[in-house]
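Q: I'd like to ask some things about the structure below.
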Amino acid sequence: MDRRIRQIAGLITMLLLAVTISAGRVQGVLSEQISNFQPTSANGTARNIFRIFQECRWRRGPILSIDGETLADTKPAPKGHHCLYERTYPSGDLAAAVVGQWSLYFPTSGIEAEYNSQLDGGPAPAKSISDLFRSRPRIGNTVVSTIDTRLQKVAVDALAGRRGGVVAMNPKTGAVLVAASVPSYDPNPLASNDRVTAENAECKLGNGDELDANGNLKKDASGNSIPCRNPQNPLVSGSKPTGPQGRRSRS
């Protein structure tokens with residue numbers, strides 16, 4: 001009897017040890033890989049909602065121009081919101097098509113998307129074994145683009161509101177110094193943590209339907225949702241500025 005009890009106890013101990021090792025591997029070693037997983041549908045809509053709302057609790061790294069101007073940065077979010085931070089774009093619409101935007105509600109685009117993992121950074125190094133099982137603050141990295149805002153402004157001014165684009169490259173290195181386009185868009189309201197602000201900004205680009213102050217679809221007299229209008233480019237009727245397409249699923 002004692003022998004059987006020892007055998008059963010040994011088997012249970014081995015099983016518990018296997019479970020502990022497996023849990024430690026998932027939570028400590030694979031946790032970052034799992035949280036980074038971003039499955040998408042055919043239209044590019046992000047589905048990892050946990051990851052999306054987790055990112056807004058991290059201080060994302062800034063994006064700078066080659067001449068030292070800040071193209072994208074992160075500021076503390078107003079208190080009472082799930083997010084701790086909110087993305088901002090001090091340069092506004094100057095290089096929006098290149099920088100892109102990070103948003104809770106729409107797909108990430110431009111440099112924000114291409115260097116997303118670098119901008120998110122990684123957890124601070126673990127100082128002990130117990131740290132492997134704790135949520136550690138993330139350290140976002142700075143990304144420096146080759147865009148020169150001085151030349152970018154010259155190109156935009158030269159277009160003088162006319163529909164078109166200007167691209168200039170360094171012939172020796174191939175670095176893109178200018179990538180200006182008209183019309184453009186301001187990514188700041190799209191990056192707002194406030195859903196109504198973000199979706200109505202997307203609406204002005206001609207995508208989706210307009211929302212009221214409570215976040216509900218605006219209806220006409222027949223009860224139909226009011227489609228978005230695009231007033232940003234008076235030169236070409238019905239044209240769309242280059243902006244984010246699609247939206248992130250919140251269900």
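FYI, nothing fancy with the structure tokens labels: chains A, B, ... in order, residues from 1 per chain, ligands from 1 as they appear.
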Need the shell around stretch 186-200 of chain A: protein/DNA/RNA residues with any atom at most 6 Å away, counting only C-alpha atoms. Skip same-chain ones fewer than 3 positions apart. Format as a VMD selection string?

A: chain A and resid 87 to 89 92 to 93 101 to 103 203 210 215

Q: Taking 5 positions as the minimum chain separation for residues in the same chain, which residues sit within 7 Å of stretch 155-169 of chain A when counting only C-alpha atoms? Answer as number ranges by chain.

A: A: 174-183

Q: Could you write those residues out with N, CA and C atoms, as an mmCIF file, in the first residue's frame?

A:
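Resulting contents of result-v7.cif:
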```cif
data_model
loop_
_atom_site.group_PDB
_atom_site.id
_atom_site.type_symbol
_atom_site.label_atom_id
_atom_site.label_comp_id
_atom_site.auth_asym_id
_atom_site.auth_seq_id
_atom_site.Cartn_x
_atom_site.Cartn_y
_atom_site.Cartn_z
ATOM 1 N N GLY A 174 19.465 57.312 -51.138
ATOM 2 C CA GLY A 174 18.106 56.845 -51.418
ATOM 3 C C GLY A 174 17.105 57.243 -50.361
ATOM 4 N N ALA A 175 17.553 58.004 -49.358
ATOM 5 C CA ALA A 175 16.648 58.427 -48.289
ATOM 6 C C ALA A 175 15.588 59.386 -48.839
ATOM 7 N N VAL A 176 14.333 59.170 -48.428
ATOM 8 C CA VAL A 176 13.235 60.045 -48.850
ATOM 9 C C VAL A 176 13.214 61.269 -47.940
ATOM 10 N N LEU A 177 13.510 62.428 -48.491
ATOM 11 C CA LEU A 177 13.558 63.665 -47.719
ATOM 12 C C LEU A 177 12.222 64.393 -47.725
ATOM 13 N N VAL A 178 11.479 64.240 -48.813
ATOM 14 C CA VAL A 178 10.183 64.907 -48.957
ATOM 15 C C VAL A 178 9.178 63.917 -49.514
ATOM 16 N N ALA A 179 8.007 63.879 -48.901
ATOM 17 C CA ALA A 179 6.881 63.100 -49.433
ATOM 18 C C ALA A 179 5.615 63.879 -49.100
ATOM 19 N N ALA A 180 5.424 64.959 -49.844
ATOM 20 C CA ALA A 180 4.304 65.869 -49.589
ATOM 21 C C ALA A 180 3.153 65.564 -50.534
ATOM 22 N N SER A 181 1.939 65.700 -50.023
ATOM 23 C CA SER A 181 0.763 65.479 -50.863
ATOM 24 C C SER A 181 -0.354 66.412 -50.447
ATOM 25 N N VAL A 182 -1.136 66.826 -51.426
ATOM 26 C CA VAL A 182 -2.309 67.667 -51.217
ATOM 27 C C VAL A 182 -3.457 67.050 -52.005
ATOM 28 N N PRO A 183 -4.611 66.801 -51.339
ATOM 29 C CA PRO A 183 -4.944 67.162 -49.958
ATOM 30 C C PRO A 183 -4.322 66.200 -48.954
#
```

Q: Of the residues A:Ser130, A:Thr108, A:Ser91, A:Asn170, which is the one nearest to A:Thr146, using only C-alpha atoms?

A: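 Among A:Ser130, A:Thr108, A:Ser91, A:Asn170, it is A:Asn170 that comes nearest to A:Thr146.
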
Q: Could you build a table of the residues in stretch 90-170 of chain A lying no more than 12 Å from stretch 66-70 of chain A, giving for each the nearest pair of atoms and their separation in Å rounded to one decimal place, using only C-alpha atoms, ordered by chain and ascending residue number, as a Markdown table?

A:
```
| residue | atom | partner | partner_atom | distance |
| --- | --- | --- | --- | --- |
| A:Pro90 | CA | A:Thr70 | CA | 6.5 |
| A:Ser91 | CA | A:Thr70 | CA | 7.1 |
| A:Gly92 | CA | A:Thr70 | CA | 10.4 |
| A:Leu94 | CA | A:Thr70 | CA | 11.5 |
| A:Ala95 | CA | A:Thr70 | CA | 11.1 |
| A:Val99 | CA | A:Thr70 | CA | 10.8 |
| A:Thr142 | CA | A:Thr70 | CA | 10.4 |
| A:Val143 | CA | A:Ile66 | CA | 10.0 |
| A:Val144 | CA | A:Ile66 | CA | 6.3 |
| A:Ser145 | CA | A:Ile66 | CA | 5.8 |
| A:Thr146 | CA | A:Ile66 | CA | 5.0 |
| A:Ile147 | CA | A:Ile66 | CA | 5.8 |
| A:Asp148 | CA | A:Ile66 | CA | 5.4 |
| A:Thr149 | CA | A:Asp67 | CA | 6.9 |
| A:Arg150 | CA | A:Asp67 | CA | 7.8 |
| A:Leu151 | CA | A:Asp67 | CA | 9.9 |
| A:Gln152 | CA | A:Asp67 | CA | 11.0 |
```

Q: Based on the selection just made, write C-alpha atoms of those residues as a PDB file, in the first residue's frame.

A:
```pdb
ATOM      1  CA  PRO A  90       2.570  68.138 -33.408  1.00  0.00           C
ATOM      2  CA  SER A  91       3.241  68.500 -37.150  1.00  0.00           C
ATOM      3  CA  GLY A  92      -0.470  68.080 -37.959  1.00  0.00           C
ATOM      4  CA  LEU A  94       2.433  68.244 -42.779  1.00  0.00           C
ATOM      5  CA  ALA A  95       3.544  64.625 -43.261  1.00  0.00           C
ATOM      6  CA  VAL A  99       3.792  59.232 -40.467  1.00  0.00           C
ATOM      7  CA  THR A 142      12.480  56.629 -30.679  1.00  0.00           C
ATOM      8  CA  VAL A 143      12.159  56.296 -34.462  1.00  0.00           C
ATOM      9  CA  VAL A 144      13.893  58.891 -36.644  1.00  0.00           C
ATOM     10  CA  SER A 145      12.514  59.258 -40.168  1.00  0.00           C
ATOM     11  CA  THR A 146      14.421  60.679 -43.127  1.00  0.00           C
ATOM     12  CA  ILE A 147      11.744  63.333 -43.728  1.00  0.00           C
ATOM     13  CA  ASP A 148      13.100  66.881 -43.502  1.00  0.00           C
ATOM     14  CA  THR A 149      10.255  69.100 -42.288  1.00  0.00           C
ATOM     15  CA  ARG A 150      11.915  72.228 -43.700  1.00  0.00           C
ATOM     16  CA  LEU A 151      11.893  70.788 -47.216  1.00  0.00           C
ATOM     17  CA  GLN A 152       8.464  69.274 -46.616  1.00  0.00           C
TER      18      GLN A 152
END
```

Q: Need to verify the contact set: A:Phe53, 10 Å, only C-alpha atoms, exclusion of same-chain residues closer than 4 positions in sequence. Can you return it as a short mmCIF file (atom, residue, chain, number, x, y, z; two decimals) with N, CA and C atoms, in the first residue's frame?

A:
```
data_model
loop_
_atom_site.label_atom_id
_atom_site.label_comp_id
_atom_site.auth_asym_id
_atom_site.auth_seq_id
_atom_site.Cartn_x
_atom_site.Cartn_y
_atom_site.Cartn_z
N ASN A 48 -7.38 41.81 -32.44
CA ASN A 48 -6.83 41.62 -31.10
C ASN A 48 -7.17 42.83 -30.25
N ILE A 49 -8.42 42.89 -29.75
CA ILE A 49 -8.89 44.05 -29.01
C ILE A 49 -8.12 44.22 -27.71
N ARG A 57 -1.99 51.94 -22.80
CA ARG A 57 -1.53 52.06 -21.41
C ARG A 57 0.00 52.09 -21.35
N TRP A 58 0.64 52.09 -22.52
CA TRP A 58 2.10 52.16 -22.61
C TRP A 58 2.49 53.51 -23.20
N HIS A 82 -9.79 54.56 -19.59
CA HIS A 82 -9.04 53.30 -19.51
C HIS A 82 -7.60 53.49 -19.94
N CYS A 83 -7.39 54.33 -20.96
CA CYS A 83 -6.04 54.55 -21.47
C CYS A 83 -5.26 55.51 -20.57
N LEU A 84 -3.98 55.25 -20.45
CA LEU A 84 -3.11 56.13 -19.69
C LEU A 84 -2.47 57.19 -20.57
N SER A 103 -4.36 54.53 -33.67
CA SER A 103 -5.71 54.82 -33.21
C SER A 103 -6.31 53.61 -32.51
N LEU A 104 -7.18 53.89 -31.54
CA LEU A 104 -7.92 52.81 -30.88
C LEU A 104 -8.95 52.20 -31.81
N TYR A 105 -9.41 52.99 -32.78
CA TYR A 105 -10.59 52.61 -33.55
C TYR A 105 -10.31 52.30 -35.02
#
```

Q: Show me, as a ChimeraX atom specification, the residues that have an atom within 6 Å of stretch 116-128 of chain A when counting only C-alpha atoms, minus same-chain residues fewer than 5 positions from it.

A: /A:60-61,136-141

Q: For a test of reading the model, state the distance in Å between atom CA of A:Lys153 and atom CA of A:Glu114, rounded to one decimal.

A: 23.6 Å

Q: Quick check for you: according to DSSP on this backbone, which residues of stretch 117-211 of chain A are classed as helix (DSSP H, G or I)? Reply as an MDAnalysis selection string.

A: chainID A and resid 117:120 129:133 149:159 187:190 195:204
